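Asker: Sharing a structure here in structure tokens format.
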Amino acid sequence: MATAPAGGDGNVEFRRRLSREVGSWERDGLVSGEQARAILQRYEPPAEEPIAGQPPVPGSNDLAISPADAAERNSLVSRAVSIIGVMGALLVGLGIIIYVAANWDVIPVWARVTMLVGLTAAINVTGWLLLARFDYPRVGVAILVVGALAYGAAIHLVAQIYHVPVNHPNLTTAWFLGVVPLAYIVRSRLMVGLSLLLLALSMGFRTQWWLEYYGDETILFLAPMVLALSAAVIALGRLQLRFEWTRPLAAYCYYPGLAAALSAFCAMTIASIWMDNGNLAWEVLSAEYWVTAGVAVAVTAAANAALWWPIGGQRDGRPLAGTALAATMVATAACLWLWLAYPVPALWWLFNLAAFGGATVVASLKRSTPLLGGVAVLVVMLAALRFVSLVDLGDQAAPILLSAAALTVGACLFAGSLAMGAAPLVASYARYVAAAGLTLAASSLHVMGYGTLWRWEGSRDWSWMPAEYWIVMASAWLLSASMIGLALWKGGRSSSGQATWQVGAFAAMGLLTIAMWLGLGLQVEAAWSIFNLALLVGIAALIWYGYRRRQSSAVYFACSIFAVSVIVRCFGALGVLAEDDLLLWLGPVGLGIGALVFLTGRLQVRWSGTSTAQLRTNSRVWDLAGLSAVIASVYAMSYSDPWGFSPGATDGSALAYLEEYWFLAGTVWGAAIAVVVLIWVVDRMRSSPVHAAPGQLRWETSSAVAMGVLALVSWMGLMLGWTWTWLPLNAALLCAVLALVAAGYRWNRTDLINLAVVAFAITLFTRYFEFGFGLLGQSLAFIVAGAIMLGMGFGLEFLRRRMLRSVRPVGEPA
Amino acid sequence: MTRVAGLLFFAVVLAQVVGLVAFAGVRQVALSGGHEVTLQTAPVDPRSLFQGDYAILDYEIAEVSSRLADNPTGATVYVVLAECGDVWCASMHTRSKPESADVYIRGVINVDGRLDFGIGTYFVPEGTGHIIESAQDVKVVVSLDDRGQAVIKRVLVDGEPFDRDAN
């Protein structure tokens with residue numbers, strides 16, 4: 001089809017897709033604007049089609065867009081409609097549930113039941129009509145989600161009126177059974193997800209019913225059940241792949257099932273649940289437990305048998321793999337059940353072995369470096385956590401000696417990564433090992449940067465360190481040095497500049513380790529400043545290295561270490577405060593870090609690099625990281641409770657290390673302001689900035705100013721004891737979400753819209769669980785806000801359809 | 001969307017409505033028929049995720065007699081009730097169903113070794129839980145059907161029916 005540049009009806013979809021693709025090629029710098037137009041013109045039908053750049057409908061200026069633009073905007077608006085609609089639906093649905101929870105007895109019982117049952121039916125019918133009759137699929141599905149939530153609210157209302165025991169599992173089961181058929185009839189992924197959530201909820205309540213006694217060991221009963229159930233869900237998901245109608249939904253069963261099975265498996269790797277099982281016996285389980293397990297196993301078997309037969313003209317691609325997976329899961333469950341009868345507490349290590357070994361094997365089979373790297377990073381992180389907990393040792397010399405050990409191990413890992421890089425078989429894992437080594441080194445330097453560690457008051461007796469310590473250290477350094485030598489000798493091909501960097505970093509680590517030992521031996525009080533400086537220089541060097549060698553991961557890595565280090569240090573400075581107040585004081589600093597990251601990303605966009613495409617993807621990561629940090633900080637400060645406890649009382653004077661706090665906060669915000677100024681200077685110096693679109697500077701500056709104002713307001717609230725500071729912060733949170741959607745729409749950035757959705761969802765759900773206001777007021781607020789958003793979704797959908805009509809060529813069927 | 005899908009959709013919505021009405025109907029029938037008894041309780045006051053504030057009712061008759069104490073969790077126990085003063089109290093515990101002439105309630109032994117009658121929850125309007133919790137004396141009027149299944153009819157707080165405006 002692509003070879004025939006003709007304009008048949010069947011080509012319309014292809015042209016739409018092509019224009020989208022070409023647009024992205026042009027943005028990524030793969031083709032020039034000229035070439036893009038030439039490519040598009042090649043597939044343009046000869047006549048009647050509106051020509052790019054010419055308004056198709058005279059007089060409607062905002063709709064004067066080319067088909068390529070229209071296709072892109074169409075997909076973006078569709079997405080926005082879905083997202084705004086779903087947000088609105090969740091708000092209204094949760095509002096209805098909260099209304100039920102308020103148990104408002106002013107309205108008589110029969111009226112409440114009639115109202116909610118009628119509402120459920122009416123909402124569902126409305127949704128269906130919008131979906132099937134009036135062709136508003138996205139808004140229709142959103143309304144059906146409201147209907148599903150209203151149905152659940154109605155069930156719980158009746159149960160409430162007749163005082164059915166709280167959390168009776170049949171209620172959520174009935175809810176699930178009512179929603180799941182609708183999900184498959186309208187083929188909505190969201191509703192399938194909602195049904196699975198309800199299934200999980202009903203299983204959770206059922207567990208409470210089966211085993212009222214709750215302890216760690218309960219997991220031993222739950223894990224095999226979860227395994228059997230998820231085997232059934234996975235098998236059903238695979239089965240759905242074979243029918244045209246259910247195919248798009250299959251993944252929504254398959255992956256959650258896999259995730260549930262994996263989490264059950266991971267739970268079994270915790271040693272403590274295997275050790276303490278005094279209260280366990282088969283007798284505490286009701287017959288229902290075994291019936292459910294039996295049904296799950298039977299469904300798994302049936303669905304797997306069906307995989308081998310050709311149904312609906314389709315055969316499963318790999319029935320053997322599916323059956324093997326199901327058999328493994330059911331067999332594991334069976335072993336666990338057997339274990340309940342014949343306890344063997346030592347089994348936990350078998351599960352650990354299977355988990356780590358299995359992950360390694362799967363990663364190797366799939367050749368998935370991220371998976372393997374994930375396992376490695378997890379192990380190193382656990383080790384690092386252990387290291388941090390050791391630092392609390394009483395003896396003053398202990399932290400320093402341990403830090404030196406950590407730095408040694410870090411250097412060892414780093415050298416090992418270089419050696420790995422020279423060996424083709426394991427070269428792809430080298431970067432994870434390097435990251436682990438650098439993390440260890442950085443945390444060691446970070447710990448050594450605390451001044452209190454170097455103020456000598458008591459003895460500095462370090463003879464308690466056994467001789468093994470020194471032997472291990474010496475051999476580690478010998479080993480590292482030989483690995484570096486090996487890497488240099490083997491990797492002769494790699495550019496010499498890189499080798500200089502690597503050897504330099506390694507030598508620096510060695511010198512710093514010696515400095516730690518010397519500082520300890522000679523009681524150098526000022527040593528802490530050396531290690532702070534070393535950490536900063538190291539971070540700067542890593543960033544510089546990343547830019548020089550175009551390794552964006554090195555830059556991100558360095559920046560995250562910086563951010564974590566600042567936050568941890570703030571924690572240290574604010575250590576005397578209670579948890580709630582601590583969050584309030586950390587907020588403005590987090591805001592500053594977010595602003596700094598965001599603005600740095602924006603500054604980079606202006607540096608016209610040779611590879612535009614890479615810069616663009618890089619700038620997205622910077623934007624997302626910075627804005628997420630900003631939103632998270634505002635969110636952390638937006639709870640009303642902590643502000644109520646007169647924060648003025650815990651103000652500055654009470655804090656021990658407040659100078660350190662203000663110093664850190666000042667550094668971060670000073671850097672952010674400097675970056676803003678730099679952005680302005682760069683834009684002024686060039687008459688037409690290459691990478692900054694018109695109006696971009698305005699967005700950037702105003703968001704930076706907004707962040708600064710927010711930080712100022714929260715600091716003033718903290719110092720002056722304003723108990724209402726949470727109000728503007730909440731308003732700012734909502735504005736930030738809306739601004740992100742607007743920015744995403746304005747700059748064609750789906751990632752910004754996604755960020756807005758995630759922020760909104762998290763805020764919404766945590767607010768739902770925080771019963772701060774009265775339930776009736778909360779319910780009203782949720783419903784009104786949701787209705788407004790649903791209305792916005794409807795309006796957007798209406799506009800989208802009008803736009804599509806206006807650009808639709810004459811020959812194309814409506 | 002096909003015609004079949006449409007029909008199925010409306011069938012499911014209808015089933016939802018019928019199910020809800022049937023659910024309410026069954027509980028209403030159980031409430032209006034049956035034998036009415038008053039039981040002594042000691043409540044506490046938490047909040048549910050979906051349904052708001054409620055009181056947990058712990059009944060005096062939930063005590064398992066020592067003769068049946070070694071039965072496993074989940075075992076069904078019938079409590080034959082007899083009037084003693086203004087409330088009903090347990091006169092006999094039995095594993096088998098008593099004769100129909102008796103007034104009896106069906107319970108299940110829970111993990112704490114007490115009986116669960118399925119009437120342990122009483123939902124109250126928001127912010128009124130303290131009324132029940134701070135009361136001196138709480139009695140529950142329940143309705144019992146032929147199988148010993150209990151449904152809560154009303155709660156008597158210090159002798160008066162529960163009233164949100166009381167304090």
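Letters A, B, ... mark the chains of the structure tokens in the order given; residue numbers begin at 1 per chain; ligand numbers begin at 1, in order shown.
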Extract, using only C-alpha atoms, all DNA, RNA and protein residues at most 8 Å from range 298-311 of chain A, discarding same-chain residues fewer than 4 positions from it, and format them as a list in words.
Answerer: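 Contacts, with the query itself left out: Ala228, Ala231, Ala232, Val233, Ala235, Leu236, Arg238, Leu239, Arg242, Gly294, Arg315, Asp316, Pro319, Gly322, Thr323 and Ala326 of chain A.
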Asker: Export C-alpha atoms of the chosen residues as a compact mmCIF listing (two decimals), in the first residue's frame?
Answerer:
```
# COMPACT_ATOMS: atom_id res chain seq x y z
CA ALA A 228 -3.74 -20.55 42.33
CA ALA A 231 -2.69 -18.91 37.61
CA ALA A 232 -6.40 -18.91 36.71
CA VAL A 233 -6.39 -15.20 35.81
CA ALA A 235 -4.70 -18.64 31.86
CA LEU A 236 -7.95 -16.76 31.22
CA ARG A 238 -4.09 -16.04 27.48
CA LEU A 239 -7.39 -17.50 26.38
CA ARG A 242 -7.68 -15.89 20.82
CA GLY A 294 -10.28 -25.98 44.01
CA ARG A 315 -4.49 -21.36 17.99
CA ASP A 316 -2.48 -20.13 20.90
CA PRO A 319 0.50 -23.35 24.54
CA GLY A 322 1.48 -21.13 29.19
CA THR A 323 0.80 -24.61 30.52
CA ALA A 326 0.45 -22.60 35.15
```
Asker: Sorted by chain and rising residue number, which residues of chain A lie within 7 Å of chain B, and what are their closest atom pairs and distances in Å to one decimal, counting only C-alpha atoms, as JSON lines?
Answerer:
```
{"residue": "A:Ile97", "atom": "CA", "partner": "B:Phe50", "partner_atom": "CA", "distance": 6.2}
{"residue": "A:Ile98", "atom": "CA", "partner": "B:Phe50", "partner_atom": "CA", "distance": 6.9}
{"residue": "A:Val100", "atom": "CA", "partner": "B:Gln51", "partner_atom": "CA", "distance": 6.0}
{"residue": "A:Ala101", "atom": "CA", "partner": "B:Gln51", "partner_atom": "CA", "distance": 3.9}
{"residue": "A:Ala102", "atom": "CA", "partner": "B:Glu126", "partner_atom": "CA", "distance": 5.1}
{"residue": "A:Asn103", "atom": "CA", "partner": "B:Pro125", "partner_atom": "CA", "distance": 4.6}
{"residue": "A:Trp104", "atom": "CA", "partner": "B:Pro125", "partner_atom": "CA", "distance": 5.8}
{"residue": "A:Asp105", "atom": "CA", "partner": "B:Pro125", "partner_atom": "CA", "distance": 6.4}
{"residue": "A:Val117", "atom": "CA", "partner": "B:Val17", "partner_atom": "CA", "distance": 6.4}
{"residue": "A:Ala121", "atom": "CA", "partner": "B:Val13", "partner_atom": "CA", "distance": 6.3}
{"residue": "A:Ala132", "atom": "CA", "partner": "B:Met1", "partner_atom": "CA", "distance": 6.2}
{"residue": "A:Ile155", "atom": "CA", "partner": "B:Leu20", "partner_atom": "CA", "distance": 6.5}
{"residue": "A:His156", "atom": "CA", "partner": "B:Gln51", "partner_atom": "CA", "distance": 6.5}
{"residue": "A:Val158", "atom": "CA", "partner": "B:Ala24", "partner_atom": "CA", "distance": 6.0}
{"residue": "A:Gln160", "atom": "CA", "partner": "B:Phe123", "partner_atom": "CA", "distance": 6.0}
{"residue": "A:Tyr162", "atom": "CA", "partner": "B:Arg27", "partner_atom": "CA", "distance": 6.6}
{"residue": "A:His163", "atom": "CA", "partner": "B:Tyr122", "partner_atom": "CA", "distance": 5.4}
{"residue": "A:Val164", "atom": "CA", "partner": "B:Thr121", "partner_atom": "CA", "distance": 6.8}
{"residue": "A:Pro165", "atom": "CA", "partner": "B:Thr121", "partner_atom": "CA", "distance": 4.9}
{"residue": "A:Val166", "atom": "CA", "partner": "B:Thr121", "partner_atom": "CA", "distance": 5.9}
{"residue": "A:Gly178", "atom": "CA", "partner": "B:Gln16", "partner_atom": "CA", "distance": 6.2}
{"residue": "A:Leu182", "atom": "CA", "partner": "B:Phe9", "partner_atom": "CA", "distance": 6.3}
{"residue": "A:Ile185", "atom": "CA", "partner": "B:Ala5", "partner_atom": "CA", "distance": 5.9}
{"residue": "A:Glu212", "atom": "CA", "partner": "B:Val111", "partner_atom": "CA", "distance": 6.3}
{"residue": "A:Tyr213", "atom": "CA", "partner": "B:Val111", "partner_atom": "CA", "distance": 6.3}
{"residue": "A:Glu283", "atom": "CA", "partner": "B:Pro72", "partner_atom": "CA", "distance": 7.0}
{"residue": "A:Val284", "atom": "CA", "partner": "B:Thr73", "partner_atom": "CA", "distance": 6.0}
{"residue": "A:Ser286", "atom": "CA", "partner": "B:Gly74", "partner_atom": "CA", "distance": 6.6}
```
Asker: If you run DSSP on the backbone here, which positions in chain B get strand (DSSP E or B)? Please write them as a PyMOL selection string.
Answerer: chain B and resi 35-41+44+47-48+52-56+59+63+76-84+87-94+103-109+114-116+121-123+138-144+150-157+160-161
Asker: Near range 708-710 of chain A, counting only C-alpha atoms, which residues have an atom at most 8 Å away, once you skip same-chain residues fewer than 6 positions from it, shown as number ranges by chain?
Answerer: A: 588, 592, 729
Asker: Ranking B:Val77, B:Ala135, B:Val140, B:Leu115 by minimum distance to Ala62 in chain B and counting only C-alpha atoms, which one comes first?
Answerer: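 For Ala62 in chain B, the nearest of the given residues is B:Leu115.
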Asker: Grab the CA of Ala759 in chain A to CA of Ala787 in chain A distance for me, in Å with one decimal place.
Answerer: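 Answer for the CA of Ala759 in chain A to CA of Ala787 in chain A separation: 19.5 Å.
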Asker: Near range 34-39 of chain B, within 9 Å and counting only C-alpha atoms, which residues show up once chain neighbours fewer than 2 positions away are dropped, as number ranges by chain?
Answerer: B: 29-32, 41, 59-61, 81, 83, 86-89, 103, 138-146, 150, 153, 156
Asker: CA of Leu199 in chain A and CA of Ile783 in chain A are how many Å apart?
Answerer: 25.3 Å
Asker: Neighbours of Asp137 in chain B within 12 Å (only C-alpha atoms; same-chain residues fewer than 5 positions away dropped), as a ChimeraX atom specification?
Answerer: /B:39-43,57,87,131-132,155-162
Asker: Tell me which protein, DNA and RNA residues are within 6 Å of range 778-782 of chain A, counting only C-alpha atoms, leaving out same-chain ones fewer than 4 positions away, and put them as a CSV table (one decimal) with C-alpha atoms, in the first residue's frame.
Answerer:
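Contents of the output file part27.csv:
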```
chain,number,residue,atom,x,y,z
A,91,LEU,CA,-14.4,11.9,41.5
A,92,VAL,CA,-18.1,11.5,41.0
A,95,GLY,CA,-18.3,11.1,45.9
A,98,ILE,CA,-18.6,8.9,50.4
A,99,TYR,CA,-22.3,10.0,50.4
A,786,GLY,CA,-16.2,15.4,39.0
```
Asker: Which residues are near Gly127 in chain A? Cut-off 6 Å, only C-alpha atoms, ignore same chain within fewer than 3 positions. Put them as a list in words.
Answerer: Asn124, Leu130, Gly140, Ile143 and Leu144 of chain A
Asker: Choose the residue, out of B:Met92, B:Gln136, B:Gly33, B:Cys84, that has the smallest atom-to-atom separation from Ile105 in chain B; count only C-alpha atoms.
Answerer: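 The closest residue to Ile105 in chain B is B:Met92.
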Asker: Can you pull out every residue from chain B that DSSP, working from the backbone, puts in alpha helix (DSSP H), and format the result as an MDAnalysis selection string?
Answerer: chainID B and resid 3:32 129:133
